$ cat entry.cif   # mmCIF, C-alpha atoms
data_entry
loop_
_atom_site.label_atom_id
_atom_site.label_comp_id
_atom_site.auth_asym_id
_atom_site.auth_seq_id
_atom_site.Cartn_x
_atom_site.Cartn_y
_atom_site.Cartn_z
CA MET A 1 -19.75 -50.81 19.92
CA LYS A 2 -16.63 -48.81 20.66
CA PRO A 3 -17.03 -45.04 20.70
CA GLN A 4 -15.48 -43.29 17.71
CA LYS A 5 -12.43 -41.16 18.27
CA THR A 6 -13.04 -37.45 17.99
CA ALA A 7 -10.64 -34.65 17.12
CA HIS A 8 -9.51 -32.61 20.09
CA LEU A 9 -8.28 -29.03 19.73
CA SER A 10 -6.62 -27.80 22.88
CA GLU A 11 -6.15 -24.17 23.79
CA SER A 12 -2.56 -23.03 23.62
CA LYS A 13 -1.12 -22.25 27.04
CA GLY A 14 2.24 -20.93 25.91
CA ASN A 15 3.87 -17.98 27.60
CA ALA A 16 4.54 -14.55 26.12
CA GLN A 17 7.91 -15.65 24.72
CA GLU A 18 6.09 -17.90 22.25
CA LEU A 19 4.15 -15.02 20.69
CA PRO A 20 5.13 -14.31 17.07
CA ASP A 21 7.27 -11.35 16.09
CA ILE A 22 5.39 -8.30 14.80
CA GLU A 23 7.30 -5.97 12.49
CA ASN A 24 6.57 -2.79 10.56
CA ARG A 25 6.34 -3.14 6.80
CA THR A 26 5.20 -1.28 3.71
CA VAL A 27 2.32 -3.22 2.17
CA GLY A 28 0.73 -2.85 -1.26
CA PHE A 29 -2.66 -4.35 -2.11
CA LEU A 30 -3.88 -4.68 -5.72
CA ASP A 31 -7.18 -6.02 -6.97
CA ILE A 32 -8.34 -6.65 -10.54
CA LEU A 33 -11.58 -4.90 -11.48
CA GLY A 34 -14.19 -7.12 -13.12
CA PHE A 35 -12.31 -10.34 -12.44
CA LYS A 36 -15.36 -12.15 -11.07
CA ASP A 37 -17.26 -11.33 -14.27
CA LYS A 38 -14.38 -12.66 -16.34
CA ILE A 39 -14.48 -15.95 -14.41
CA SER A 40 -18.13 -16.46 -15.38
CA THR A 41 -18.00 -15.14 -18.95
CA VAL A 42 -14.54 -15.96 -20.32
CA ASN A 43 -13.16 -19.40 -21.12
CA LEU A 44 -11.30 -20.38 -17.95
CA ALA A 45 -8.34 -21.89 -19.81
CA GLU A 46 -7.87 -18.67 -21.79
CA LEU A 47 -8.21 -16.53 -18.68
CA ALA A 48 -5.74 -18.69 -16.77
CA HIS A 49 -3.22 -18.45 -19.62
CA LYS A 50 -3.58 -14.66 -19.75
CA TYR A 51 -3.29 -14.31 -15.97
CA GLU A 52 -0.29 -16.61 -15.86
CA ARG A 53 1.42 -14.49 -18.51
CA LEU A 54 0.80 -11.41 -16.36
CA ILE A 55 2.34 -13.08 -13.30
CA VAL A 56 5.43 -14.18 -15.25
CA GLN A 57 5.96 -10.67 -16.61
CA THR A 58 5.48 -9.01 -13.24
CA ASP A 59 7.86 -11.48 -11.61
CA ALA A 60 10.57 -10.36 -14.02
CA ALA A 61 9.94 -6.72 -13.10
CA ASN A 62 10.42 -7.45 -9.39
CA ARG A 63 14.18 -7.83 -9.65
CA PRO A 64 17.10 -6.18 -11.47
CA VAL A 65 18.45 -8.13 -14.40
CA GLY A 66 22.05 -8.57 -15.48
CA GLU A 67 21.63 -7.21 -19.01
CA PHE A 68 21.12 -3.68 -17.61
CA SER A 69 23.83 -3.89 -14.97
CA ASP A 70 25.90 -1.19 -16.72
CA HIS A 71 22.92 1.20 -17.07
CA PRO A 72 21.90 3.86 -14.52
CA ARG A 73 19.92 2.27 -11.69
CA LEU A 74 18.04 3.69 -8.72
CA PHE A 75 19.33 0.94 -6.47
CA PRO A 76 22.79 0.00 -7.78
CA ASN A 77 23.63 -2.03 -4.67
CA HIS A 78 20.57 -4.26 -4.92
CA PRO A 79 21.73 -7.79 -5.87
CA ILE A 80 21.04 -8.84 -9.46
CA GLY A 81 18.17 -11.34 -9.55
CA SER A 82 17.05 -10.66 -5.97
CA PRO A 83 13.41 -9.47 -5.55
CA TYR A 84 12.67 -5.89 -4.52
CA CYS A 85 9.82 -7.06 -2.28
CA HIS A 86 7.77 -10.10 -1.34
CA ARG A 87 4.78 -10.85 -3.57
CA PHE A 88 1.83 -13.11 -2.80
CA ILE A 89 -1.16 -13.88 -5.03
CA PHE A 90 -4.65 -14.97 -3.97
CA SER A 91 -6.99 -15.29 -6.95
CA ASP A 92 -7.34 -11.71 -8.27
CA SER A 93 -5.62 -10.05 -5.30
CA ILE A 94 -1.89 -9.31 -5.26
CA ILE A 95 -0.14 -8.44 -2.00
CA LEU A 96 3.30 -6.83 -1.88
CA ILE A 97 5.28 -6.66 1.37
CA SER A 98 8.58 -4.82 1.81
CA LEU A 99 11.67 -6.81 2.76
CA ASP A 100 12.16 -4.74 5.92
CA ASP A 101 10.99 -1.51 7.56
CA SER A 102 13.51 0.79 5.85
CA GLU A 103 12.74 3.72 3.57
CA GLU A 104 14.74 2.16 0.73
CA SER A 105 12.67 -1.03 0.85
CA SER A 106 9.52 1.09 0.83
CA LEU A 107 10.69 3.02 -2.23
CA LYS A 108 11.48 -0.23 -4.04
CA LEU A 109 7.99 -1.54 -3.34
CA VAL A 110 6.30 1.66 -4.52
CA ILE A 111 8.24 1.66 -7.80
CA TYR A 112 7.49 -2.01 -8.40
CA PHE A 113 3.81 -1.37 -7.56
CA TRP A 114 3.74 1.34 -10.27
CA ARG A 115 5.34 -0.94 -12.84
CA LEU A 116 3.01 -3.76 -11.85
CA MET A 117 0.01 -1.52 -12.56
CA GLN A 118 1.35 -0.72 -16.03
CA THR A 119 1.96 -4.40 -16.76
CA MET A 120 -1.58 -5.26 -15.65
CA LEU A 121 -2.99 -2.63 -18.00
CA ALA A 122 -0.81 -3.95 -20.83
CA THR A 123 -2.20 -7.48 -20.40
CA GLY A 124 -5.86 -6.44 -20.22
CA PHE A 125 -6.40 -6.30 -16.45
CA LEU A 126 -7.63 -3.13 -14.74
CA PRO A 127 -5.86 -2.60 -11.39
CA ARG A 128 -7.06 -0.81 -8.31
CA GLY A 129 -4.96 -0.63 -5.19
CA ALA A 130 -3.41 1.13 -2.23
CA ILE A 131 -0.15 1.14 -0.26
CA SER A 132 0.15 1.50 3.51
CA PHE A 133 2.73 1.23 6.30
CA GLY A 134 2.31 -0.37 9.70
CA ASP A 135 2.60 -3.49 11.80
CA MET A 136 2.44 -6.92 10.16
CA TYR A 137 2.69 -10.56 11.12
CA ILE A 138 4.05 -12.61 8.22
CA ASN A 139 4.30 -16.39 8.08
CA SER A 140 4.99 -17.26 4.46
CA ASP A 141 5.29 -20.99 5.23
CA HIS A 142 1.65 -21.12 6.32
CA GLN A 143 0.50 -18.19 4.12
CA ILE A 144 -0.58 -16.10 7.12
CA PHE A 145 -0.57 -12.33 6.68
CA LEU A 146 -2.12 -10.17 9.38
CA GLY A 147 -1.69 -6.57 10.34
CA THR A 148 -2.74 -2.96 10.29
CA ALA A 149 -0.82 -2.21 7.09
CA LEU A 150 -2.60 -4.89 5.05
CA THR A 151 -6.01 -4.00 6.47
CA GLU A 152 -5.56 -0.28 5.76
CA ALA A 153 -4.39 -0.94 2.20
CA ALA A 154 -7.25 -3.37 1.46
CA VAL A 155 -9.89 -1.03 2.90
CA LEU A 156 -8.55 2.00 1.01
CA GLU A 157 -8.45 -0.02 -2.22
CA GLY A 158 -12.12 -0.89 -1.85
CA LEU A 159 -13.22 2.72 -1.29
CA GLN A 160 -12.00 4.00 -4.67
CA GLU A 161 -14.26 4.46 -7.69
CA TRP A 162 -11.84 4.01 -10.57
CA SER A 163 -8.96 1.97 -11.88
CA GLY A 164 -6.08 3.57 -10.01
CA ALA A 165 -4.19 3.51 -6.73
CA CYS A 166 -3.25 5.78 -3.85
CA LEU A 167 -1.05 5.95 -0.78
CA HIS A 168 -2.43 5.69 2.74
CA PRO A 169 -1.31 8.63 4.93
CA SER A 170 0.52 6.17 7.19
CA LEU A 171 3.07 5.68 4.39
CA THR A 172 3.67 9.31 3.48
CA GLU A 173 3.90 10.29 7.16
CA LYS A 174 6.52 7.63 7.83
CA PHE A 175 8.51 8.18 4.62
CA PRO A 176 7.93 11.72 3.25
CA ASN A 177 10.53 11.12 0.51
CA VAL A 178 8.08 8.77 -1.21
CA GLN A 179 6.19 11.90 -2.28
CA SER A 180 9.16 13.00 -4.41
CA LEU A 181 9.14 9.92 -6.66
CA PRO A 182 8.23 10.94 -10.24
CA MET A 183 5.24 8.57 -10.36
CA ILE A 184 3.69 9.88 -7.14
CA THR A 185 1.32 12.85 -7.38
CA LYS A 186 -1.51 14.38 -5.35
CA TYR A 187 -5.03 14.06 -6.72
CA ASP A 188 -8.65 14.25 -5.59
CA VAL A 189 -9.32 10.52 -5.56
CA PRO A 190 -12.93 9.59 -6.48
CA LEU A 191 -14.62 7.44 -3.85
CA LYS A 192 -17.65 5.15 -4.03
CA ASN A 193 -19.70 7.42 -1.77
CA GLN A 194 -19.48 10.05 -4.55
CA SER A 195 -17.04 12.17 -2.55
CA GLN A 196 -13.36 12.86 -3.18
CA GLU A 197 -10.30 12.80 -0.96
CA GLU A 198 -6.98 14.43 -1.76
CA LEU A 199 -4.33 11.73 -1.51
CA TYR A 200 -1.00 10.89 -3.06
CA THR A 201 -1.60 8.57 -6.00
CA VAL A 202 0.48 6.10 -7.97
CA ASN A 203 0.58 7.68 -11.42
CA TRP A 204 0.36 4.67 -13.73
CA ARG A 205 0.19 7.16 -16.64
CA PHE A 206 3.80 8.25 -16.03
CA ASN A 207 6.05 7.06 -18.90
CA LEU A 208 3.26 4.93 -20.41
CA ILE A 209 2.80 4.95 -24.19
CA VAL A 210 -0.21 3.12 -25.65
CA GLU A 211 -0.37 2.73 -29.42
CA ASN A 212 -4.20 2.75 -29.47
CA GLY A 213 -4.49 5.29 -26.68
CA THR A 214 -5.32 5.08 -23.00
CA GLY A 215 -9.05 4.86 -23.77
CA SER A 216 -8.50 1.48 -25.42
CA LEU A 217 -7.40 -0.03 -22.08
CA PHE A 218 -10.93 0.23 -20.67
CA LEU A 219 -13.35 -1.91 -22.71
CA ASP A 220 -16.81 -0.54 -23.52
CA ASN A 221 -19.51 -1.47 -21.03
CA ASP A 222 -23.03 -0.11 -20.51
CA ASP A 223 -23.03 -0.76 -16.76
CA PRO A 224 -23.27 2.67 -15.03
CA ARG A 225 -20.83 1.52 -12.33
CA VAL A 226 -18.24 0.61 -14.96
CA LEU A 227 -18.84 3.85 -16.85
CA ARG A 228 -18.14 5.91 -13.71
CA LYS A 229 -14.89 4.06 -13.15
CA LYS A 230 -13.90 4.62 -16.78
CA GLU A 231 -14.72 8.35 -16.64
CA ASN A 232 -12.62 8.76 -13.50
CA PHE A 233 -9.81 6.68 -15.01
CA LEU A 234 -9.68 8.84 -18.16
CA ALA A 235 -10.04 12.14 -16.28
CA TYR A 236 -6.97 11.22 -14.25
CA ALA A 237 -5.04 10.19 -17.36
CA LYS A 238 -5.92 13.42 -19.17
CA LEU A 239 -4.74 15.59 -16.29
CA MET A 240 -1.53 13.60 -15.85
CA ARG A 241 -0.77 13.97 -19.55
CA LYS A 242 -1.43 17.70 -19.36
CA LYS A 243 1.00 17.95 -16.44
CA GLY A 244 3.66 16.05 -18.37
CA ALA A 245 3.45 12.29 -18.52
CA TYR A 246 6.91 11.60 -19.90
CA ILE A 247 10.55 12.25 -19.10
CA LYS A 248 12.82 13.14 -22.00
CA ASN A 249 16.24 11.59 -22.55
CA GLU A 250 14.95 8.08 -21.99
CA ASN A 251 18.38 6.46 -22.23
CA GLN A 252 19.67 8.58 -19.37
CA LEU A 253 16.88 7.46 -17.04
CA PRO A 254 17.43 4.72 -14.47
CA VAL A 255 16.18 1.45 -15.94
CA GLU A 256 13.46 1.21 -13.27
CA LEU A 257 11.78 4.38 -14.61
CA ARG A 258 11.95 3.82 -18.35
CA SER A 259 8.87 3.83 -20.54
CA CYS A 260 6.33 1.04 -20.79
CA TRP A 261 5.14 0.57 -24.39
CA ILE A 262 1.77 -1.06 -25.13
CA GLY A 263 1.09 -1.88 -28.77
CA GLY A 264 1.53 -4.25 -31.67
CA LYS A 265 4.38 -2.33 -33.28
CA GLU A 266 8.01 -2.18 -32.32
CA PRO A 267 8.56 0.97 -30.19
CA PRO A 268 8.99 3.83 -30.35
CA PHE A 269 5.54 4.87 -31.58
CA PRO A 270 3.26 7.82 -30.70
CA HIS A 271 0.61 7.65 -28.00
CA GLY A 272 -2.81 7.07 -29.57
CA ASP A 273 -5.15 9.58 -27.89
CA GLU A 274 -5.45 12.67 -25.69
CA TYR A 275 -5.50 10.71 -22.41
#

$ encode --input "entry.cif" --output "structure tokens"
Amino acid sequence: MKPQKTAHLSESKGNAQELPDIENRTVGFLDILGFKDKISTVNLAELAHKYERLIVQTDAANRPVGEFSDHPRLFPNHPIGSPYCHRFIFSDSIILISLDDSEESSLKLVIYFWRLMQTMLATGFLPRGAISFGDMYINSDHQIFLGTALTEAAVLEGLQEWSGACLHPSLTEKFPNVQSLPMITKYDVPLKNQSQEELYTVNWRFNLIVENGTGSLFLDNDDPRVLRKKENFLAYAKLMRKKGAYIKNENQLPVELRSCWIGGKEPPFPHGDEY
């Protein structure tokens, strides 16, 4: 009997010139709260349809469109139809990676991250996330993403005890101007170890109008862990509204910052609760 052939994996002996390029990037990491429970309790076809609709809507928000080309824009030189950042999806995790290491690319990613959070809330998904800056290895052909920036963002996302998002200090130290964006604000972020840490947060409540109120975005649940997240979510929303959640003169705003309306009626309509 002839011996069977076996697979042989040899150790690479390439020189240093064959090592991949490592570059600095801004990286956003978003996770959907309760997604695993939805997989086991919701009809999969319905969930897939709902999730697919979210992805289609968020894809449209990741690029300027021609119909608003004559309106004020934050990035007037950005090509129509070209994405603001790279986006990759793995089950309920969404990864955003800036196009390069510039401040402008970082600002574009942060603004898209904010709009993505609002779109997730509008379609019934509760987001939690973080944004970081640092070294990354990216091989989109083989779907390989490694680096400090992604690790920091994913770890910081998992520490938070709410539906919300914050910025890792690596980002604000590298690009201080990010702090001046209207949807970025400091807050004592609630953590799972029952402590708080003052960080810059992505204010999803900024320019968000919900016909049935912000409270309607978080479904009722008797699980104490879910209740804590909801309490922290609503406490943040209430404070942001008290500070001023909207910008007047909507038509004069850059299109990237205009209001997100969630409801069954044709906007405009009033916000539905105190949050």

$ closest_residue --input "entry.cif" --among "A:Ser91, A:Thr185, A:Ala61, A:Pro169" --to "A:Ile39" --atoms "only C-alpha atoms"
A:Ser91

$ closest_residue --input "entry.cif" --among "A:Asn207, A:Lys174, A:Ile32, A:His86" --to "A:Asn139" --atoms "all atoms listed in the file"
A:His86

$ residues_near_point --input "entry.cif" --point "(-5.2, -1.1, 6.9)" --cutoff "12 Å" --atoms "only C-alpha atoms" --output "PyMOL selection string"
chain A and resi 25-29+130-136+146-158+167-171

$ axis_aligned_box --input "entry.cif" --around "stretch 130-133 of chain A" --padding-each-side "4 Å" --output "JSON"
{"center_x": -0.3, "center_y": 1.3, "center_z": 2.0, "size_x": 14.1, "size_y": 8.4, "size_z": 16.5}

$ atom_distance --input "entry.cif" --atom1 "atom CA of A:Asn203" --atom2 "atom CA of A:Leu99"
23.1 Å

$ residues_near_point --input "entry.cif" --point "(3.2, -7.7, -10.7)" --cutoff "10 Å" --atoms "only C-alpha atoms" --output "list in words"
Leu30, Leu54, Ile55, Val56, Gln57, Thr58, Asp59, Ala60, Ala61, Asn62, Arg87, Phe88, Ile89, Ile94, Ile95, Leu96, Tyr112, Phe113, Trp114, Arg115, Leu116, Met117, Gln118, Thr119 and Met120 of chain A

$ closest_residue --input "entry.cif" --among "A:Ile22, A:Ile111, A:Val189, A:Leu208" --to "A:Arg241" --atoms "only C-alpha atoms"
A:Leu208

$ residues_around --input "entry.cif" --residues "A:Lys238" --least-positions-apart "3" --cutoff "7 Å" --atoms "only C-alpha atoms" --output "MDAnalysis selection string"
chainID A and resid 234:235 241:242 274:275

$ resolve_selection --input "entry.cif" --expression "the PyMOL selection byres ((chain A and resi 81) around 6)" --output "count of residues only"
5

$ closest_atom_pairs --input "entry.cif" --of "stretch 186-223 of chain A" --to "stretch 247-268 of chain A" --cutoff "10 Å" --atoms "all atoms listed in the file" --output "Markdown table"
| residue | atom | partner | partner_atom | distance |
| --- | --- | --- | --- | --- |
| A:Trp204 | CA | A:Cys260 | CA | 9.9 |
| A:Arg205 | CA | A:Cys260 | CA | 9.6 |
| A:Phe206 | CA | A:Ser259 | CA | 8.1 |
| A:Asn207 | CA | A:Ser259 | CA | 4.6 |
| A:Leu208 | CA | A:Cys260 | CA | 5.0 |
| A:Ile209 | CA | A:Trp261 | CA | 5.0 |
| A:Val210 | CA | A:Ile262 | CA | 4.7 |
| A:Glu211 | CA | A:Gly263 | CA | 4.9 |
| A:Asn212 | CA | A:Gly263 | CA | 7.1 |
| A:Gly213 | CA | A:Ile262 | CA | 9.1 |
| A:Thr214 | CA | A:Ile262 | CA | 9.6 |
| A:Leu217 | CA | A:Ile262 | CA | 9.7 |

$ write_last_selection --input "entry.cif" --atoms "C-alpha atoms" --output "PDB file, in the coordinates of the input"
ATOM      1  CA  TRP A 204       0.360   4.670 -13.730  1.00  0.00           C
ATOM      2  CA  ARG A 205       0.190   7.160 -16.640  1.00  0.00           C
ATOM      3  CA  PHE A 206       3.800   8.250 -16.030  1.00  0.00           C
ATOM      4  CA  ASN A 207       6.050   7.060 -18.900  1.00  0.00           C
ATOM      5  CA  LEU A 208       3.260   4.930 -20.410  1.00  0.00           C
ATOM      6  CA  ILE A 209       2.800   4.950 -24.190  1.00  0.00           C
ATOM      7  CA  VAL A 210      -0.210   3.120 -25.650  1.00  0.00           C
ATOM      8  CA  GLU A 211      -0.370   2.730 -29.420  1.00  0.00           C
ATOM      9  CA  ASN A 212      -4.200   2.750 -29.470  1.00  0.00           C
ATOM     10  CA  GLY A 213      -4.490   5.290 -26.680  1.00  0.00           C
ATOM     11  CA  THR A 214      -5.320   5.080 -23.000  1.00  0.00           C
ATOM     12  CA  LEU A 217      -7.400  -0.030 -22.080  1.00  0.00           C
TER      13      LEU A 217
END

$ closest_residue --input "entry.cif" --among "A:Glu104, A:Asp223, A:Glu173, A:Glu52" --to "A:Cys85" --atoms "all atoms listed in the file"
A:Glu104

$ residues_around --input "entry.cif" --residues "A:Asn177" --least-positions-apart "5" --cutoff "9 Å" --atoms "only C-alpha atoms" --output "PyMOL selection string"
chain A and resi 103+107+172

$ closest_residue --input "entry.cif" --among "A:Glu198, A:Lys243, A:Val226, A:Lys108" --to "A:Phe75" --atoms "all atoms listed in the file"
A:Lys108

$ atom_distance --input "entry.cif" --atom1 "atom CA of A:Asn232" --atom2 "atom CA of A:Pro190"
7.1 Å

$ resolve_selection --input "entry.cif" --expression "the PyMOL selection byres ((chain A and resi 165) around 7)" --output "count of residues only"
7

$ closest_residue --input "entry.cif" --among "A:Trp162, A:Phe145, A:Tyr236, A:Phe175" --to "A:Pro127" --atoms "only C-alpha atoms"
A:Trp162

$ atom_distance --input "entry.cif" --atom1 "atom CA of A:Glu23" --atom2 "atom CA of A:Met183"
27.2 Å

$ resolve_selection --input "entry.cif" --expression "the PyMOL selection byres ((chain A and resi 191) around 6)" --output "list in words"
Leu159, Gln160, Glu161, Pro190, Lys192, Asn193, Gln194, Ser195 and Gln196 of chain A

$ write_last_selection --input "entry.cif" --atoms "C-alpha atoms" --output "short mmCIF file (atom, residue, chain, number, x, y, z; two decimals), in the coordinates of the input"
data_model
loop_
_atom_site.label_atom_id
_atom_site.label_comp_id
_atom_site.auth_asym_id
_atom_site.auth_seq_id
_atom_site.Cartn_x
_atom_site.Cartn_y
_atom_site.Cartn_z
CA LEU A 159 -13.22 2.72 -1.29
CA GLN A 160 -12.00 4.00 -4.67
CA GLU A 161 -14.26 4.46 -7.69
CA PRO A 190 -12.93 9.59 -6.48
CA LYS A 192 -17.65 5.15 -4.03
CA ASN A 193 -19.70 7.42 -1.77
CA GLN A 194 -19.48 10.05 -4.55
CA SER A 195 -17.04 12.17 -2.55
CA GLN A 196 -13.36 12.86 -3.18
#

$ build_atoms --input "entry.cif" --residues "stretch 139-152 of chain A" --atoms "N, CA and C atoms" --output "mmCIF file, in the frame of the given file"
data_model
loop_
_atom_site.group_PDB
_atom_site.id
_atom_site.type_symbol
_atom_site.label_atom_id
_atom_site.label_comp_id
_atom_site.auth_asym_id
_atom_site.auth_seq_id
_atom_site.Cartn_x
_atom_site.Cartn_y
_atom_site.Cartn_z
ATOM 1 N N ASN A 139 3.851 -15.004 8.031
ATOM 2 C CA ASN A 139 4.300 -16.390 8.080
ATOM 3 C C ASN A 139 4.090 -16.968 6.693
ATOM 4 N N SER A 140 5.121 -16.833 5.850
ATOM 5 C CA SER A 140 4.990 -17.260 4.460
ATOM 6 C C SER A 140 4.858 -18.773 4.325
ATOM 7 N N ASP A 141 5.398 -19.528 5.282
ATOM 8 C CA ASP A 141 5.290 -20.990 5.230
ATOM 9 C C ASP A 141 3.834 -21.439 5.307
ATOM 10 N N HIS A 142 3.062 -20.767 6.141
ATOM 11 C CA HIS A 142 1.650 -21.120 6.320
ATOM 12 C C HIS A 142 0.714 -20.124 5.633
ATOM 13 N N GLN A 143 1.296 -19.186 4.847
ATOM 14 C CA GLN A 143 0.500 -18.190 4.120
ATOM 15 C C GLN A 143 -0.416 -17.406 5.067
ATOM 16 N N ILE A 144 0.164 -16.917 6.158
ATOM 17 C CA ILE A 144 -0.580 -16.100 7.120
ATOM 18 C C ILE A 144 -0.047 -14.672 7.053
ATOM 19 N N PHE A 145 -0.943 -13.735 6.775
ATOM 20 C CA PHE A 145 -0.570 -12.330 6.680
ATOM 21 C C PHE A 145 -1.611 -11.507 7.431
ATOM 22 N N LEU A 146 -1.212 -10.940 8.544
ATOM 23 C CA LEU A 146 -2.120 -10.170 9.380
ATOM 24 C C LEU A 146 -1.473 -8.853 9.776
ATOM 25 N N GLY A 147 -2.268 -7.800 9.845
ATOM 26 C CA GLY A 147 -1.690 -6.570 10.340
ATOM 27 C C GLY A 147 -2.430 -5.325 9.899
ATOM 28 N N THR A 148 -2.121 -4.244 10.583
ATOM 29 C CA THR A 148 -2.740 -2.960 10.290
ATOM 30 C C THR A 148 -2.448 -2.511 8.864
ATOM 31 N N ALA A 149 -1.208 -2.688 8.419
ATOM 32 C CA ALA A 149 -0.820 -2.210 7.090
ATOM 33 C C ALA A 149 -1.646 -2.869 5.996
ATOM 34 N N LEU A 150 -1.818 -4.175 6.068
ATOM 35 C CA LEU A 150 -2.600 -4.890 5.050
ATOM 36 C C LEU A 150 -4.064 -4.491 5.117
ATOM 37 N N THR A 151 -4.604 -4.378 6.320
ATOM 38 C CA THR A 151 -6.010 -4.000 6.470
ATOM 39 C C THR A 151 -6.264 -2.608 5.914
ATOM 40 N N GLU A 152 -5.384 -1.653 6.252
ATOM 41 C CA GLU A 152 -5.560 -0.280 5.760
ATOM 42 C C GLU A 152 -5.480 -0.230 4.237
#
